[in-house]
Each structure stands twice: as C-alpha cells, then as structure tokens.
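Visitor: Input structure: structure-v1.cif, which contains mmCIF, C-alpha atoms.
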```cif
data_my_file
loop_
_atom_site.label_atom_id
_atom_site.label_comp_id
_atom_site.auth_asym_id
_atom_site.auth_seq_id
_atom_site.Cartn_x
_atom_site.Cartn_y
_atom_site.Cartn_z
CA MET A 943 -9.72 13.77 5.48
CA ARG A 944 -8.76 13.79 1.82
CA TYR A 945 -6.81 11.00 0.18
CA ALA A 946 -4.69 10.77 -2.92
CA VAL A 947 -4.28 7.29 -4.36
CA LEU A 948 -1.47 7.17 -6.90
CA GLY A 949 -1.92 4.42 -9.47
CA THR A 950 -4.87 3.39 -11.61
CA GLY A 951 -4.29 -0.38 -11.52
CA GLU A 952 -6.45 -2.83 -9.62
CA VAL A 953 -4.77 -2.07 -6.30
CA GLY A 954 -5.22 1.68 -6.64
CA ARG A 955 -8.83 1.48 -7.79
CA THR A 956 -9.72 -1.00 -5.04
CA LEU A 957 -8.24 1.14 -2.28
CA ALA A 958 -9.67 4.34 -3.70
CA GLY A 959 -13.11 2.78 -4.01
CA ARG A 960 -13.11 1.59 -0.41
CA LEU A 961 -12.01 5.02 0.82
CA VAL A 962 -14.90 6.63 -1.05
CA GLU A 963 -17.28 4.09 0.50
CA LEU A 964 -15.96 5.13 3.91
CA GLY A 965 -16.94 8.72 3.16
CA TYR A 966 -13.59 10.24 2.20
CA ASP A 967 -12.81 12.54 -0.69
CA VAL A 968 -10.41 10.67 -2.95
CA THR A 969 -8.43 11.68 -6.02
CA LEU A 970 -7.10 8.83 -8.15
CA GLY A 971 -3.83 10.06 -9.58
CA SER A 972 -2.09 9.06 -12.79
CA ARG A 973 0.60 10.42 -15.05
CA THR A 974 -1.90 12.46 -17.04
CA LYS A 975 -4.79 14.60 -15.88
CA ASP A 976 -7.27 12.93 -18.24
CA ASN A 977 -6.29 9.28 -17.84
CA PRO A 978 -9.36 7.41 -19.15
CA VAL A 979 -9.20 4.69 -16.48
CA ALA A 980 -9.11 7.26 -13.69
CA VAL A 981 -11.87 9.34 -15.25
CA GLU A 982 -14.07 6.26 -15.68
CA TRP A 983 -13.44 5.24 -12.06
CA ALA A 984 -14.28 8.71 -10.73
CA THR A 985 -17.46 8.89 -12.78
CA ALA A 986 -18.63 5.51 -11.51
CA ALA A 987 -17.60 6.09 -7.88
CA GLY A 988 -19.63 9.25 -7.39
CA GLY A 989 -19.29 12.76 -6.04
CA ARG A 990 -16.43 12.22 -3.58
CA ALA A 991 -14.27 10.61 -6.28
CA HIS A 992 -12.00 12.64 -8.53
CA ALA A 993 -9.35 12.02 -11.16
CA GLY A 994 -6.20 13.99 -11.85
CA SER A 995 -2.48 13.90 -12.34
CA PHE A 996 -0.17 12.65 -9.61
CA ALA A 997 0.49 16.28 -8.65
CA ASP A 998 -3.20 17.20 -8.72
CA ALA A 999 -3.99 14.31 -6.40
CA ALA A 1000 -1.18 14.89 -3.92
CA ALA A 1001 -1.67 18.66 -3.75
CA VAL A 1002 -5.19 18.44 -2.29
CA ALA A 1003 -4.64 15.36 -0.11
CA ASP A 1004 -4.00 15.00 3.59
CA VAL A 1005 -2.73 11.42 3.07
CA VAL A 1006 -1.04 10.00 -0.04
CA VAL A 1007 -1.28 6.30 -0.87
CA ASN A 1008 1.43 4.98 -3.16
CA ALA A 1009 -0.19 2.19 -5.18
CA VAL A 1010 1.96 2.20 -8.30
CA GLY A 1011 4.45 -0.56 -9.05
CA GLY A 1012 7.48 -0.60 -6.81
CA ARG A 1013 9.96 -0.03 -9.60
CA VAL A 1014 8.25 3.19 -10.70
CA ALA A 1015 7.27 4.45 -7.25
CA LEU A 1016 9.97 7.11 -7.00
CA ASP A 1017 9.15 8.48 -10.45
CA ALA A 1018 5.46 8.71 -9.56
CA LEU A 1019 6.16 10.45 -6.27
CA ARG A 1020 8.58 12.87 -7.90
CA ALA A 1021 5.85 13.69 -10.40
CA ALA A 1022 3.50 14.23 -7.46
CA GLY A 1023 5.94 16.83 -6.16
CA ALA A 1024 8.03 16.85 -3.00
CA GLU A 1025 6.24 20.01 -1.87
CA HIS A 1026 2.95 18.09 -1.94
CA LEU A 1027 4.37 15.32 0.28
CA ASP A 1028 6.04 17.43 2.97
CA GLY A 1029 4.69 16.56 6.40
CA LYS A 1030 2.09 14.16 5.02
CA VAL A 1031 1.61 10.49 5.73
CA VAL A 1032 2.62 8.48 2.66
CA VAL A 1033 1.21 4.96 2.80
CA ASP A 1034 3.38 2.68 0.67
CA VAL A 1035 1.59 -0.51 -0.36
CA CYS A 1036 3.74 -1.48 -3.33
CA ASN A 1037 6.29 -4.21 -3.96
CA PRO A 1038 9.52 -4.11 -5.99
CA VAL A 1039 8.33 -6.84 -8.33
CA ALA A 1040 9.15 -7.58 -11.94
CA PHE A 1041 8.98 -10.70 -14.05
CA ASP A 1042 12.18 -11.51 -15.95
CA ASP A 1043 11.96 -14.53 -18.24
CA GLY A 1044 8.73 -15.47 -16.49
CA GLN A 1045 10.38 -15.51 -13.06
CA LEU A 1046 9.45 -13.16 -10.23
CA ARG A 1047 12.31 -10.85 -9.27
CA LEU A 1048 12.71 -8.30 -6.48
CA ASP A 1049 14.77 -5.14 -6.85
CA PRO A 1050 15.74 -3.84 -4.35
CA VAL A 1051 16.04 -6.82 -2.06
CA GLU A 1052 17.73 -7.56 1.29
CA SER A 1053 19.89 -4.44 1.58
CA ASP A 1054 17.18 -1.88 0.81
CA SER A 1055 13.43 -1.50 0.28
CA VAL A 1056 11.09 0.69 -1.73
CA ALA A 1057 9.81 2.23 1.49
CA GLU A 1058 13.33 3.24 2.50
CA GLN A 1059 13.99 4.65 -0.95
CA ILE A 1060 10.87 6.77 -0.67
CA GLN A 1061 11.79 7.99 2.82
CA ARG A 1062 15.29 8.95 1.68
CA ALA A 1063 14.02 10.74 -1.42
CA PHE A 1064 11.33 12.60 0.54
CA PRO A 1065 12.76 13.04 4.05
CA ARG A 1066 9.90 15.28 5.21
CA ALA A 1067 7.24 12.74 4.25
CA ARG A 1068 6.02 10.33 6.94
CA VAL A 1069 6.32 6.98 5.17
CA VAL A 1070 4.45 3.92 6.45
CA LYS A 1071 4.77 0.55 4.73
CA THR A 1072 1.74 -1.71 5.01
CA LEU A 1073 -0.78 -3.86 3.10
CA ASN A 1074 1.82 -5.16 0.62
CA THR A 1075 1.56 -8.74 1.93
CA VAL A 1076 -2.05 -9.33 0.87
CA ASN A 1077 -4.10 -9.17 -2.30
CA CYS A 1078 -5.94 -5.89 -2.86
CA GLN A 1079 -9.34 -7.48 -2.21
CA VAL A 1080 -8.13 -8.76 1.16
CA MET A 1081 -6.65 -5.33 1.91
CA VAL A 1082 -10.12 -3.81 2.15
CA ALA A 1083 -12.08 -6.92 3.20
CA PRO A 1084 -10.00 -9.05 5.58
CA GLY A 1085 -13.04 -11.23 6.27
CA ARG A 1086 -12.42 -12.92 2.91
CA VAL A 1087 -9.82 -14.95 4.84
CA PRO A 1088 -10.90 -16.79 8.02
CA GLY A 1089 -8.89 -16.63 11.20
CA GLU A 1090 -6.83 -14.01 13.01
CA HIS A 1091 -4.35 -13.30 10.25
CA HIS A 1092 -2.07 -10.28 10.39
CA LEU A 1093 -0.85 -7.15 8.69
CA PHE A 1094 2.40 -5.32 9.33
CA VAL A 1095 3.37 -1.66 9.56
CA SER A 1096 6.87 -0.22 9.24
CA GLY A 1097 7.92 3.40 9.56
CA ASP A 1098 10.01 5.86 11.51
CA ASP A 1099 7.11 8.10 12.61
CA ALA A 1100 5.08 6.60 15.46
CA GLY A 1101 2.21 9.03 14.96
CA ALA A 1102 1.96 8.18 11.28
CA LYS A 1103 1.84 4.47 12.11
CA ARG A 1104 -0.97 5.07 14.61
CA GLN A 1105 -2.90 7.01 12.00
CA VAL A 1106 -2.45 4.28 9.41
CA THR A 1107 -3.42 1.59 11.93
CA GLU A 1108 -6.67 3.49 12.56
CA LEU A 1109 -7.35 3.54 8.82
CA LEU A 1110 -6.67 -0.19 8.64
CA GLY A 1111 -9.24 -0.57 11.40
CA GLU A 1112 -11.78 1.15 9.15
CA PHE A 1113 -10.92 -1.41 6.48
CA GLY A 1114 -11.78 -4.14 9.00
CA TRP A 1115 -8.37 -4.96 10.53
CA PRO A 1116 -8.50 -4.98 14.37
CA ALA A 1117 -5.58 -3.11 15.90
CA GLU A 1118 -4.30 -6.26 17.65
CA ARG A 1119 -3.84 -7.89 14.25
CA VAL A 1120 -1.64 -5.07 12.95
CA LEU A 1121 1.94 -5.77 14.01
CA ASP A 1122 4.31 -2.82 14.27
CA LEU A 1123 7.69 -4.08 13.05
CA GLY A 1124 9.57 -0.91 13.92
CA GLY A 1125 11.37 1.59 11.71
CA VAL A 1126 11.14 1.90 7.96
CA ARG A 1127 14.12 -0.40 7.54
CA SER A 1128 11.91 -3.29 8.63
CA ALA A 1129 10.03 -2.87 5.34
CA ARG A 1130 12.78 -4.99 3.80
CA ALA A 1131 11.39 -8.04 5.56
CA VAL A 1132 7.82 -7.62 4.35
CA GLU A 1133 8.87 -6.83 0.80
CA MET A 1134 10.91 -10.03 0.77
CA LEU A 1135 7.75 -11.99 1.62
CA LEU A 1136 6.51 -11.54 -1.93
CA PRO A 1137 8.20 -14.56 -3.49
CA LEU A 1138 6.58 -16.73 -0.80
CA TRP A 1139 3.21 -15.01 -1.34
CA PHE A 1140 3.42 -15.58 -5.09
CA THR A 1141 4.41 -19.23 -4.65
CA LEU A 1142 1.37 -19.76 -2.41
CA PHE A 1143 -0.84 -17.99 -4.94
CA GLN A 1144 0.34 -20.40 -7.62
CA LYS A 1145 -0.25 -23.37 -5.29
CA PHE A 1146 -3.74 -22.33 -4.15
CA GLY A 1147 -4.94 -20.86 -7.44
CA HIS A 1148 -6.47 -17.84 -5.70
CA ALA A 1149 -5.43 -14.89 -3.55
CA ASP A 1150 -7.77 -15.23 -0.58
CA PHE A 1151 -5.08 -16.13 1.96
CA ASN A 1152 -2.79 -14.37 4.39
CA PHE A 1153 -0.11 -14.92 7.01
CA GLU A 1154 -0.95 -15.48 10.68
CA VAL A 1155 1.70 -15.02 13.34
CA ARG A 1156 1.30 -17.18 16.44
CA ARG A 1157 3.28 -16.56 19.59
CA GLU A 1158 3.33 -17.34 23.28
CA HIS A 1159 1.73 -14.45 25.14
#
```
Since I need it in another form, could you write the structure as structure tokens?
Guide:
Amino acid sequence: MRYAVLGTGEVGRTLAGRLVELGYDVTLGSRTKDNPVAVEWATAAGGRAHAGSFADAAAVADVVVNAVGGRVALDALRAAGAEHLDGKVVVDVCNPVAFDDGQLRLDPVESDSVAEQIQRAFPRARVVKTLNTVNCQVMVAPGRVPGEHHLFVSGDDAGAKRQVTELLGEFGWPAERVLDLGGVRSARAVEMLLPLWFTLFQKFGHADFNFEVRREH
C-alpha cells in the first residue's frame, strides 16, 4: 500500500512519519517538487519516504491523505489531479479554520463542509473524513490521552470507511472507538467541533485531550 500525504505542515509530516514507521511507502506532497521541508523530511525518514509535488504524490499512491489547510484543500487536490484521485480513498483530516482579527473562524460552516466540497469536486474519489477532532500527535498515538475516547468517520462509501478504520487501528485506535457517523454530510458536525476543541486547548494549555462519547448500551 502506497500513501500520498498532501501538506508539509506538522500534521502532514506527523502522519507521513507514522505511515513510514508502519512500513508503507509514503510520498509527502507539496506545491513544488523540490520543497525543502518535504525533501528534508524524506531524507530523515529513510528509504520508504519520498518527496514530490502534489501530482507526483497522488499519481503513485493507493490512498491520498489531505493534510493541507481546509481553505486551500480544493486547490491542493486540483493540483494533485482528478485523474490521480479517481477510485481512490481520500482521507480528509483538515478543518476549515482561519484566524480573523485573532478570532477562530470556520468557512464553510453549518450548511457545508470541506469533505463535502471535496466529494463534489471529485465525485469518483472515495472521501472519508476523520482525525480532524484531535491534535496530530494524538492522531498517531491515542495513548497520549487516557480513557476510551473516540474518533469519527464520515463518508458515502462504506468500503472506504472500513479501510480507513483499519488504518486507524494501525495507529492504535480500536475499531469500537471509531464511530461511523454516516454519509459525508455528517462531516459538518465534526468540523464544527473545532471552536470547542480550540477553546479547550486554550483552557488546558496543551493538546493531549479528546472527546469521549458515553451511551447506554
């Protein structure tokens, strides 16, 4: 299995690094083929790690992970090329976040989501929203937070969600702690969690926390 991780920020590098540790071939994609951050990451990560443009990364991948900022996600995926996304699982971990006058803003919010925008723009991709409700370190090491806290998956393709849930299991998330919220439209709900997540981050002063859903069985 070969992965493309689009985005050279902390989220992208963390996910790409963990995938390499798990034994996968990973290309860290950026806008340019010779992005120095991506090249440095690939050099440090070893033989299964590669750097390239968004299109280079997506072309050779079986699964594409969208780890760029939510407000530039469509541009990055267009640069990757629709032909390189057709039929592939696209794991969307981003959030539509910006800071205007120091205040966190979401766009879109309530009536749309980044995941839905991606699915509409690339109808033959198999989009799954997940991991956007935790810090990137918790994404790949859930044991940083005690307890039976949860992740969520949203997407229209049941097979793609099963595949992503298996990958989350490799990251350390038991399947029973991954809650399937339904179709891609349900991504609106998890994207709207970000203001609460950020408020908690400010309160706690660190990002080692997560949400736990309790229910009567």
Visitor: Extract, using all atoms listed in the file, all DNA, RNA and protein residues at most 8 Å from range 1138-1149 of chain A, discarding same-chain residues fewer than 5 positions from it, and format them as a list of chain:residue names.
Guide: A:Thr1075, A:Val1076, A:Asn1077
Visitor: What do you get, as number ranges by chain, if you spell out every residue that the PyMOL selection byres ((chain A and resi 946-949) around 10) selects here?
Guide: A: 944-945, 950-959, 961, 967-973, 980, 992-1011, 1015, 1018-1019, 1022, 1032-1033
Visitor: Pick out the closest residue to Met1134 in chain A from this set: A:Asp1028, A:Glu1108, A:Glu1052, A:Glu1118. Count all atoms listed in the file.
Guide: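 Closest to Met1134 in chain A, using all atoms listed in the file: A:Glu1052.
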Visitor: Which residue, A:Val962, A:Ala1063, A:Leu1016, A:Leu1073, has the smallest gap to Trp983 in chain A when you use all atoms listed in the file?
Guide: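 Nearest candidate to Trp983 in chain A out of A:Val962, A:Ala1063, A:Leu1016, A:Leu1073: A:Val962.
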Visitor: Suppose a student applies the PyMOL selection byres ((chain A and resi 1153-1155) around 7) to this structure; what residues should they get, written as a list in words?
Guide: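 Checked against the file, the PyMOL selection byres ((chain A and resi 1153-1155) around 7) matches Glu1090, His1091, His1092, Asn1152, Arg1156 and Arg1157 of chain A.
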Visitor: Could you write out as a count of residues only the residues that the PyMOL selection byres ((chain A and resi 1121) around 7) matches in the shown file?
Guide: 7
